[in-house]
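Student: Structure file final.cif (mmCIF, N, CA and C atoms) is given on the next line.
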```cif
data_upload
#
loop_
_atom_site.label_atom_id
_atom_site.label_comp_id
_atom_site.auth_asym_id
_atom_site.auth_seq_id
_atom_site.Cartn_x
_atom_site.Cartn_y
_atom_site.Cartn_z
N MET A 124 24.69 -7.35 -12.18
CA MET A 124 24.22 -7.35 -10.80
C MET A 124 24.02 -8.79 -10.36
N PRO A 125 24.57 -9.19 -9.23
CA PRO A 125 24.41 -10.58 -8.77
C PRO A 125 22.94 -10.91 -8.53
N SER A 126 22.60 -12.16 -8.78
CA SER A 126 21.20 -12.54 -8.53
C SER A 126 20.90 -12.43 -7.05
N GLY A 127 19.68 -12.09 -6.73
CA GLY A 127 19.29 -11.93 -5.34
C GLY A 127 19.53 -10.53 -4.81
N THR A 128 20.22 -9.69 -5.59
CA THR A 128 20.41 -8.30 -5.15
C THR A 128 19.52 -7.42 -5.99
N ARG A 129 18.74 -6.62 -5.31
CA ARG A 129 17.86 -5.70 -6.02
C ARG A 129 18.20 -4.29 -5.61
N LYS A 130 18.30 -3.43 -6.59
CA LYS A 130 18.51 -2.02 -6.26
C LYS A 130 17.16 -1.46 -5.83
N ARG A 131 17.10 -0.95 -4.62
CA ARG A 131 15.85 -0.37 -4.13
C ARG A 131 15.58 0.94 -4.85
N GLU A 132 14.34 1.07 -5.28
CA GLU A 132 13.96 2.32 -5.92
C GLU A 132 13.88 3.41 -4.87
N THR A 133 14.09 4.62 -5.30
CA THR A 133 13.99 5.76 -4.40
C THR A 133 12.55 5.90 -3.95
N ARG A 134 12.37 5.93 -2.65
CA ARG A 134 11.02 6.10 -2.10
C ARG A 134 10.87 7.53 -1.64
N LYS A 135 9.72 8.08 -1.96
CA LYS A 135 9.42 9.45 -1.58
C LYS A 135 8.57 9.43 -0.33
N SER A 136 9.02 10.11 0.73
CA SER A 136 8.26 10.16 1.97
C SER A 136 7.01 11.00 1.76
N LEU A 137 5.85 10.44 2.14
CA LEU A 137 4.59 11.12 1.90
C LEU A 137 3.85 11.47 3.19
N ARG A 138 3.64 10.49 4.05
CA ARG A 138 2.79 10.62 5.24
C ARG A 138 1.45 11.23 4.86
N GLN A 139 0.84 10.68 3.82
CA GLN A 139 -0.42 11.19 3.30
C GLN A 139 -1.54 10.19 3.58
N SER A 140 -2.72 10.72 3.86
CA SER A 140 -3.88 9.84 4.08
C SER A 140 -4.25 9.12 2.80
N GLY A 141 -4.62 7.87 2.94
CA GLY A 141 -5.06 7.08 1.80
C GLY A 141 -6.21 6.18 2.21
N TRP A 142 -6.71 5.41 1.26
CA TRP A 142 -7.81 4.49 1.49
C TRP A 142 -7.48 3.14 0.90
N ILE A 143 -7.75 2.10 1.65
CA ILE A 143 -7.58 0.73 1.18
C ILE A 143 -8.97 0.18 0.90
N THR A 144 -9.17 -0.37 -0.27
CA THR A 144 -10.43 -1.06 -0.54
C THR A 144 -10.11 -2.49 -0.93
N LEU A 145 -10.98 -3.39 -0.51
CA LEU A 145 -10.79 -4.80 -0.77
C LEU A 145 -11.57 -5.18 -2.02
N ASP A 146 -11.52 -6.43 -2.42
CA ASP A 146 -12.20 -6.88 -3.62
C ASP A 146 -13.64 -6.39 -3.65
N GLY A 147 -14.06 -5.88 -4.79
CA GLY A 147 -15.42 -5.40 -4.93
C GLY A 147 -15.57 -3.94 -4.55
N GLY A 148 -14.54 -3.34 -3.96
CA GLY A 148 -14.58 -1.93 -3.63
C GLY A 148 -15.42 -1.57 -2.42
N PHE A 149 -15.76 -2.58 -1.61
CA PHE A 149 -16.57 -2.30 -0.43
C PHE A 149 -15.68 -1.94 0.75
N ALA A 150 -16.25 -1.23 1.69
CA ALA A 150 -15.62 -0.95 2.99
C ALA A 150 -14.22 -0.35 2.85
N ALA A 151 -14.17 0.87 2.38
CA ALA A 151 -12.89 1.58 2.31
C ALA A 151 -12.38 1.81 3.72
N ARG A 152 -11.13 1.47 3.96
CA ARG A 152 -10.51 1.64 5.27
C ARG A 152 -9.42 2.69 5.17
N PRO A 153 -9.35 3.60 6.15
CA PRO A 153 -8.29 4.61 6.09
C PRO A 153 -6.91 4.01 6.37
N CYS A 154 -5.91 4.62 5.79
CA CYS A 154 -4.52 4.24 6.06
C CYS A 154 -3.67 5.49 5.89
N VAL A 155 -2.39 5.37 6.24
CA VAL A 155 -1.43 6.44 5.99
C VAL A 155 -0.39 5.86 5.05
N VAL A 156 -0.18 6.54 3.92
CA VAL A 156 0.87 6.13 2.98
C VAL A 156 2.16 6.79 3.46
N GLU A 157 3.03 5.97 4.06
CA GLU A 157 4.26 6.50 4.66
C GLU A 157 5.24 6.95 3.59
N ASP A 158 5.45 6.10 2.60
CA ASP A 158 6.32 6.47 1.48
C ASP A 158 5.90 5.66 0.27
N MET A 159 6.37 6.10 -0.91
CA MET A 159 5.94 5.46 -2.14
C MET A 159 7.02 5.59 -3.19
N SER A 160 7.13 4.56 -4.03
CA SER A 160 8.01 4.60 -5.20
C SER A 160 7.15 4.25 -6.41
N SER A 161 7.76 4.15 -7.56
CA SER A 161 6.98 3.82 -8.75
C SER A 161 6.47 2.38 -8.70
N SER A 162 7.07 1.53 -7.87
CA SER A 162 6.68 0.12 -7.86
C SER A 162 5.87 -0.30 -6.64
N GLY A 163 5.80 0.54 -5.60
CA GLY A 163 5.07 0.13 -4.41
C GLY A 163 5.04 1.21 -3.36
N ALA A 164 4.58 0.82 -2.16
CA ALA A 164 4.43 1.80 -1.09
C ALA A 164 4.52 1.09 0.26
N ARG A 165 4.70 1.89 1.29
CA ARG A 165 4.65 1.40 2.68
C ARG A 165 3.47 2.11 3.32
N ILE A 166 2.55 1.34 3.86
CA ILE A 166 1.34 1.92 4.45
C ILE A 166 1.19 1.47 5.89
N THR A 167 0.52 2.29 6.68
CA THR A 167 0.20 1.96 8.07
C THR A 167 -1.31 2.02 8.22
N VAL A 168 -1.87 1.00 8.86
CA VAL A 168 -3.32 0.98 9.11
C VAL A 168 -3.56 1.22 10.60
N GLN A 169 -4.76 1.67 10.94
CA GLN A 169 -5.09 1.99 12.32
C GLN A 169 -5.28 0.74 13.17
N ASP A 170 -6.03 -0.22 12.65
CA ASP A 170 -6.28 -1.42 13.45
C ASP A 170 -5.28 -2.51 13.07
N ASN A 171 -5.23 -3.54 13.86
CA ASN A 171 -4.22 -4.57 13.67
C ASN A 171 -4.76 -5.78 12.93
N SER A 172 -5.91 -5.63 12.25
CA SER A 172 -6.46 -6.78 11.55
C SER A 172 -5.66 -7.05 10.27
N ALA A 173 -5.68 -8.27 9.85
CA ALA A 173 -4.91 -8.67 8.68
C ALA A 173 -5.51 -8.09 7.41
N LEU A 174 -4.65 -7.76 6.47
CA LEU A 174 -5.10 -7.34 5.15
C LEU A 174 -5.04 -8.54 4.23
N PRO A 175 -5.93 -8.60 3.25
CA PRO A 175 -5.85 -9.68 2.27
C PRO A 175 -4.62 -9.49 1.38
N ALA A 176 -4.27 -10.51 0.64
CA ALA A 176 -3.09 -10.43 -0.23
C ALA A 176 -3.26 -9.39 -1.33
N LYS A 177 -4.50 -9.20 -1.79
CA LYS A 177 -4.76 -8.24 -2.87
C LYS A 177 -5.71 -7.15 -2.38
N LEU A 178 -5.41 -5.91 -2.73
CA LEU A 178 -6.25 -4.78 -2.33
C LEU A 178 -6.03 -3.65 -3.32
N ARG A 179 -6.75 -2.56 -3.12
CA ARG A 179 -6.56 -1.34 -3.91
C ARG A 179 -6.19 -0.20 -2.97
N LEU A 180 -5.27 0.64 -3.43
CA LEU A 180 -4.86 1.81 -2.66
C LEU A 180 -5.26 3.06 -3.43
N ALA A 181 -5.96 3.97 -2.76
CA ALA A 181 -6.39 5.21 -3.41
C ALA A 181 -6.13 6.38 -2.47
N PHE A 182 -6.09 7.58 -3.04
CA PHE A 182 -5.92 8.78 -2.23
C PHE A 182 -7.25 9.50 -2.03
N SER A 183 -8.32 8.86 -2.48
CA SER A 183 -9.67 9.35 -2.17
C SER A 183 -10.50 8.13 -1.83
N ARG A 184 -11.68 8.35 -1.28
CA ARG A 184 -12.49 7.22 -0.87
C ARG A 184 -13.12 6.49 -2.07
N ASP A 185 -12.98 7.05 -3.25
CA ASP A 185 -13.53 6.47 -4.48
C ASP A 185 -12.58 5.39 -4.99
N ALA A 186 -12.99 4.14 -4.85
CA ALA A 186 -12.10 3.01 -5.20
C ALA A 186 -11.73 2.98 -6.68
N ARG A 187 -12.51 3.61 -7.53
CA ARG A 187 -12.21 3.56 -8.96
C ARG A 187 -10.92 4.28 -9.29
N THR A 188 -10.47 5.16 -8.41
CA THR A 188 -9.25 5.90 -8.68
C THR A 188 -8.01 5.17 -8.16
N GLY A 189 -8.20 4.04 -7.50
CA GLY A 189 -7.08 3.37 -6.85
C GLY A 189 -6.24 2.52 -7.78
N ARG A 190 -5.14 2.04 -7.22
CA ARG A 190 -4.23 1.13 -7.93
C ARG A 190 -4.29 -0.23 -7.28
N ALA A 191 -4.28 -1.26 -8.11
CA ALA A 191 -4.26 -2.64 -7.61
C ALA A 191 -2.90 -2.92 -6.98
N CYS A 192 -2.93 -3.59 -5.82
CA CYS A 192 -1.70 -3.85 -5.06
C CYS A 192 -1.71 -5.27 -4.52
N GLU A 193 -0.53 -5.74 -4.16
CA GLU A 193 -0.37 -7.00 -3.43
C GLU A 193 0.50 -6.72 -2.22
N VAL A 194 0.12 -7.31 -1.09
CA VAL A 194 0.91 -7.17 0.13
C VAL A 194 2.15 -8.06 -0.01
N VAL A 195 3.34 -7.50 0.24
CA VAL A 195 4.56 -8.28 0.14
C VAL A 195 5.25 -8.50 1.49
N TRP A 196 4.95 -7.66 2.47
CA TRP A 196 5.47 -7.89 3.83
C TRP A 196 4.60 -7.15 4.83
N ARG A 197 4.73 -7.58 6.09
CA ARG A 197 3.96 -6.98 7.16
C ARG A 197 4.82 -6.89 8.41
N ASP A 198 4.69 -5.79 9.14
CA ASP A 198 5.37 -5.61 10.42
C ASP A 198 4.41 -4.88 11.33
N GLY A 199 3.62 -5.64 12.10
CA GLY A 199 2.61 -5.04 12.96
C GLY A 199 1.51 -4.40 12.13
N LYS A 200 1.37 -3.06 12.29
CA LYS A 200 0.34 -2.33 11.55
C LYS A 200 0.87 -1.72 10.26
N THR A 201 2.13 -2.00 9.94
CA THR A 201 2.75 -1.46 8.73
C THR A 201 2.88 -2.55 7.68
N PHE A 202 2.55 -2.20 6.45
CA PHE A 202 2.56 -3.17 5.35
C PHE A 202 3.35 -2.62 4.19
N GLY A 203 4.07 -3.50 3.51
CA GLY A 203 4.72 -3.15 2.24
C GLY A 203 3.84 -3.70 1.13
N ILE A 204 3.54 -2.86 0.16
CA ILE A 204 2.72 -3.31 -0.97
C ILE A 204 3.42 -3.01 -2.27
N LYS A 205 3.17 -3.85 -3.27
CA LYS A 205 3.69 -3.57 -4.60
C LYS A 205 2.51 -3.35 -5.53
N PHE A 206 2.70 -2.46 -6.50
CA PHE A 206 1.65 -2.17 -7.45
C PHE A 206 1.64 -3.26 -8.53
N VAL A 207 0.45 -3.71 -8.89
CA VAL A 207 0.31 -4.72 -9.94
C VAL A 207 -0.63 -4.17 -11.00
N ASN A 208 -0.58 -4.77 -12.19
CA ASN A 208 -1.46 -4.29 -13.28
C ASN A 208 -2.80 -4.95 -13.24
#
```
As a first step, turn the structure in this file into structure tokens.
Tutor:
Amino acid sequence: MPSGTRKRETRKSLRQSGWITLDGGFAARPCVVEDMSSSGARITVQDNSALPAKLRLAFSRDARTGRACEVVWRDGKTFGIKFVN
């Protein structure tokens, strides 16, 4: 495979409610998980405020169940995130 070309993983369309928590697990903010793959997700937030580079994504308001993520792109209220360890 030529360098610079990445095979996109299959993303599963979800349109499921989720929660974003920032460092420390405070102030869970609602979001919609538009789609997700094993390596990341596309999420939409209600307000247009900026997200930090690192956050947690969970499907319940309990931040302990979430996955650590990094924002990799932004388009208005929609963000692409990748899962990190």
Student: Evaluating the PyMOL selection byres ((chain A and resi 190-195) around 8) on the displayed file yields which residues, as a PyMOL selection string?
Tutor: chain A and resi 163+174-182+186-189+196-197+202-208
Student: Any chance you could list, as a tab-separated table (two decimals) with N, CA and C atoms, in the coordinates of the input, the residues in chain A that come up strand (DSSP E) when DSSP is run on the backbone?
Tutor:
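As written to disk, out29.tsv reads:
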```
chain	number	residue	atom	x	y	z
A	135	LYS	N	9.72	8.08	-1.96
A	135	LYS	CA	9.42	9.45	-1.58
A	135	LYS	C	8.57	9.43	-0.33
A	136	SER	N	9.02	10.11	0.73
A	136	SER	CA	8.26	10.16	1.97
A	136	SER	C	7.01	11.00	1.76
A	137	LEU	N	5.85	10.44	2.14
A	137	LEU	CA	4.59	11.12	1.90
A	137	LEU	C	3.85	11.47	3.19
A	138	ARG	N	3.64	10.49	4.05
A	138	ARG	CA	2.79	10.62	5.24
A	138	ARG	C	1.45	11.23	4.86
A	139	GLN	N	0.84	10.68	3.82
A	139	GLN	CA	-0.42	11.19	3.30
A	139	GLN	C	-1.54	10.19	3.58
A	140	SER	N	-2.72	10.72	3.86
A	140	SER	CA	-3.88	9.84	4.08
A	140	SER	C	-4.25	9.12	2.80
A	141	GLY	N	-4.62	7.87	2.94
A	141	GLY	CA	-5.06	7.08	1.80
A	141	GLY	C	-6.21	6.18	2.21
A	142	TRP	N	-6.71	5.41	1.26
A	142	TRP	CA	-7.81	4.49	1.49
A	142	TRP	C	-7.48	3.14	0.90
A	143	ILE	N	-7.75	2.10	1.65
A	143	ILE	CA	-7.58	0.73	1.18
A	143	ILE	C	-8.97	0.18	0.90
A	144	THR	N	-9.17	-0.37	-0.27
A	144	THR	CA	-10.43	-1.06	-0.54
A	144	THR	C	-10.11	-2.49	-0.93
A	152	ARG	N	-11.13	1.47	3.96
A	152	ARG	CA	-10.51	1.64	5.27
A	152	ARG	C	-9.42	2.69	5.17
A	153	PRO	N	-9.35	3.60	6.15
A	153	PRO	CA	-8.29	4.61	6.09
A	153	PRO	C	-6.91	4.01	6.37
A	154	CYS	N	-5.91	4.62	5.79
A	154	CYS	CA	-4.52	4.24	6.06
A	154	CYS	C	-3.67	5.49	5.89
A	155	VAL	N	-2.39	5.37	6.24
A	155	VAL	CA	-1.43	6.44	5.99
A	155	VAL	C	-0.39	5.86	5.05
A	156	VAL	N	-0.18	6.54	3.92
A	156	VAL	CA	0.87	6.13	2.98
A	156	VAL	C	2.16	6.79	3.46
A	157	GLU	N	3.03	5.97	4.06
A	157	GLU	CA	4.26	6.50	4.66
A	157	GLU	C	5.24	6.95	3.59
A	158	ASP	N	5.45	6.10	2.60
A	158	ASP	CA	6.32	6.47	1.48
A	158	ASP	C	5.90	5.66	0.27
A	159	MET	N	6.37	6.10	-0.91
A	159	MET	CA	5.94	5.46	-2.14
A	159	MET	C	7.02	5.59	-3.19
A	163	GLY	N	5.80	0.54	-5.60
A	163	GLY	CA	5.07	0.13	-4.41
A	163	GLY	C	5.04	1.21	-3.36
A	164	ALA	N	4.58	0.82	-2.16
A	164	ALA	CA	4.43	1.80	-1.09
A	164	ALA	C	4.52	1.09	0.26
A	165	ARG	N	4.70	1.89	1.29
A	165	ARG	CA	4.65	1.40	2.68
A	165	ARG	C	3.47	2.11	3.32
A	166	ILE	N	2.55	1.34	3.86
A	166	ILE	CA	1.34	1.92	4.45
A	166	ILE	C	1.19	1.47	5.89
A	167	THR	N	0.52	2.29	6.68
A	167	THR	CA	0.20	1.96	8.07
A	167	THR	C	-1.31	2.02	8.22
A	168	VAL	N	-1.87	1.00	8.86
A	168	VAL	CA	-3.32	0.98	9.11
A	168	VAL	C	-3.56	1.22	10.60
A	177	LYS	N	-4.50	-9.20	-1.79
A	177	LYS	CA	-4.76	-8.24	-2.87
A	177	LYS	C	-5.71	-7.15	-2.38
A	178	LEU	N	-5.41	-5.91	-2.73
A	178	LEU	CA	-6.25	-4.78	-2.33
A	178	LEU	C	-6.03	-3.65	-3.32
A	179	ARG	N	-6.75	-2.56	-3.12
A	179	ARG	CA	-6.56	-1.34	-3.91
A	179	ARG	C	-6.19	-0.20	-2.97
A	180	LEU	N	-5.27	0.64	-3.43
A	180	LEU	CA	-4.86	1.81	-2.66
A	180	LEU	C	-5.26	3.06	-3.43
A	181	ALA	N	-5.96	3.97	-2.76
A	181	ALA	CA	-6.39	5.21	-3.41
A	181	ALA	C	-6.13	6.38	-2.47
A	190	ARG	N	-5.14	2.04	-7.22
A	190	ARG	CA	-4.23	1.13	-7.93
A	190	ARG	C	-4.29	-0.23	-7.28
A	191	ALA	N	-4.28	-1.26	-8.11
A	191	ALA	CA	-4.26	-2.64	-7.61
A	191	ALA	C	-2.90	-2.92	-6.98
A	192	CYS	N	-2.93	-3.59	-5.82
A	192	CYS	CA	-1.70	-3.85	-5.06
A	192	CYS	C	-1.71	-5.27	-4.52
A	193	GLU	N	-0.53	-5.74	-4.16
A	193	GLU	CA	-0.37	-7.00	-3.43
A	193	GLU	C	0.50	-6.72	-2.22
A	194	VAL	N	0.12	-7.31	-1.09
A	194	VAL	CA	0.91	-7.17	0.13
A	194	VAL	C	2.15	-8.06	-0.01
A	195	VAL	N	3.34	-7.50	0.24
A	195	VAL	CA	4.56	-8.28	0.14
A	195	VAL	C	5.25	-8.50	1.49
A	196	TRP	N	4.95	-7.66	2.47
A	196	TRP	CA	5.47	-7.89	3.83
A	196	TRP	C	4.60	-7.15	4.83
A	197	ARG	N	4.73	-7.58	6.09
A	197	ARG	CA	3.96	-6.98	7.16
A	197	ARG	C	4.82	-6.89	8.41
A	198	ASP	N	4.69	-5.79	9.14
A	198	ASP	CA	5.37	-5.61	10.42
A	198	ASP	C	4.41	-4.88	11.33
A	201	THR	N	2.13	-2.00	9.94
A	201	THR	CA	2.75	-1.46	8.73
A	201	THR	C	2.88	-2.55	7.68
A	202	PHE	N	2.55	-2.20	6.45
A	202	PHE	CA	2.56	-3.17	5.35
A	202	PHE	C	3.35	-2.62	4.19
A	203	GLY	N	4.07	-3.50	3.51
A	203	GLY	CA	4.72	-3.15	2.24
A	203	GLY	C	3.84	-3.70	1.13
A	204	ILE	N	3.54	-2.86	0.16
A	204	ILE	CA	2.72	-3.31	-0.97
A	204	ILE	C	3.42	-3.01	-2.27
A	205	LYS	N	3.17	-3.85	-3.27
A	205	LYS	CA	3.69	-3.57	-4.60
A	205	LYS	C	2.51	-3.35	-5.53
A	206	PHE	N	2.70	-2.46	-6.50
A	206	PHE	CA	1.65	-2.17	-7.45
A	206	PHE	C	1.64	-3.26	-8.53
```
Student: Counting only N, CA and C atoms, figure out which residue out of A:Ser183, A:Arg138, A:Thr201, A:Ala151 gets nearest to A:Ile166.
Tutor: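 Checking each candidate against A:Ile166, we get A:Thr201 as the closest.
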Student: Using all atoms listed in the file, which of the listed residues (A:Leu137, A:Val155, A:Ala150, A:Ile143) sits closest to A:Val168?
Tutor: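 Answer, going by the shortest atom-to-atom distance: A:Val155.
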Student: For the file shown, report as an MDAnalysis selection string the outcome of the PyMOL selection byres ((chain A and resi 159) around 7) at residue level.
Tutor: chainID A and resid 133:137 156:158 160:165
Student: Hey, can you spit out that residue selection with N, CA and C atoms as a PDB file, in the coordinates of the input?
Tutor:
```pdb
ATOM      1  N   THR A 133      14.090   4.620  -5.300  1.00  0.00           N
ATOM      2  CA  THR A 133      13.990   5.760  -4.400  1.00  0.00           C
ATOM      3  C   THR A 133      12.550   5.900  -3.950  1.00  0.00           C
ATOM      4  N   ARG A 134      12.370   5.930  -2.650  1.00  0.00           N
ATOM      5  CA  ARG A 134      11.020   6.100  -2.100  1.00  0.00           C
ATOM      6  C   ARG A 134      10.870   7.530  -1.640  1.00  0.00           C
ATOM      7  N   LYS A 135       9.720   8.080  -1.960  1.00  0.00           N
ATOM      8  CA  LYS A 135       9.420   9.450  -1.580  1.00  0.00           C
ATOM      9  C   LYS A 135       8.570   9.430  -0.330  1.00  0.00           C
ATOM     10  N   SER A 136       9.020  10.110   0.730  1.00  0.00           N
ATOM     11  CA  SER A 136       8.260  10.160   1.970  1.00  0.00           C
ATOM     12  C   SER A 136       7.010  11.000   1.760  1.00  0.00           C
ATOM     13  N   LEU A 137       5.850  10.440   2.140  1.00  0.00           N
ATOM     14  CA  LEU A 137       4.590  11.120   1.900  1.00  0.00           C
ATOM     15  C   LEU A 137       3.850  11.470   3.190  1.00  0.00           C
ATOM     16  N   VAL A 156      -0.180   6.540   3.920  1.00  0.00           N
ATOM     17  CA  VAL A 156       0.870   6.130   2.980  1.00  0.00           C
ATOM     18  C   VAL A 156       2.160   6.790   3.460  1.00  0.00           C
ATOM     19  N   GLU A 157       3.030   5.970   4.060  1.00  0.00           N
ATOM     20  CA  GLU A 157       4.260   6.500   4.660  1.00  0.00           C
ATOM     21  C   GLU A 157       5.240   6.950   3.590  1.00  0.00           C
ATOM     22  N   ASP A 158       5.450   6.100   2.600  1.00  0.00           N
ATOM     23  CA  ASP A 158       6.320   6.470   1.480  1.00  0.00           C
ATOM     24  C   ASP A 158       5.900   5.660   0.270  1.00  0.00           C
ATOM     25  N   SER A 160       7.130   4.560  -4.030  1.00  0.00           N
ATOM     26  CA  SER A 160       8.010   4.600  -5.200  1.00  0.00           C
ATOM     27  C   SER A 160       7.150   4.250  -6.410  1.00  0.00           C
ATOM     28  N   SER A 161       7.760   4.150  -7.560  1.00  0.00           N
ATOM     29  CA  SER A 161       6.980   3.820  -8.750  1.00  0.00           C
ATOM     30  C   SER A 161       6.470   2.380  -8.700  1.00  0.00           C
ATOM     31  N   SER A 162       7.070   1.530  -7.870  1.00  0.00           N
ATOM     32  CA  SER A 162       6.680   0.120  -7.860  1.00  0.00           C
ATOM     33  C   SER A 162       5.870  -0.300  -6.640  1.00  0.00           C
ATOM     34  N   GLY A 163       5.800   0.540  -5.600  1.00  0.00           N
ATOM     35  CA  GLY A 163       5.070   0.130  -4.410  1.00  0.00           C
ATOM     36  C   GLY A 163       5.040   1.210  -3.360  1.00  0.00           C
ATOM     37  N   ALA A 164       4.580   0.820  -2.160  1.00  0.00           N
ATOM     38  CA  ALA A 164       4.430   1.800  -1.090  1.00  0.00           C
ATOM     39  C   ALA A 164       4.520   1.090   0.260  1.00  0.00           C
ATOM     40  N   ARG A 165       4.700   1.890   1.290  1.00  0.00           N
ATOM     41  CA  ARG A 165       4.650   1.400   2.680  1.00  0.00           C
ATOM     42  C   ARG A 165       3.470   2.110   3.320  1.00  0.00           C
TER      43      ARG A 165
END
```
Student: Separation of atom C of A:Gly141 and atom C of A:Lys200, in Å?
Tutor: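 Between atom C of A:Gly141 and atom C of A:Lys200 the gap works out to 13.3 Å.
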Student: Measure the distance from atom C of A:Ala173 to atom CA of A:Pro153 in Å and round it to one decimal.
Tutor: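 Computing the Euclidean distance for atom C of A:Ala173 and atom CA of A:Pro153 yields 13.1 Å.
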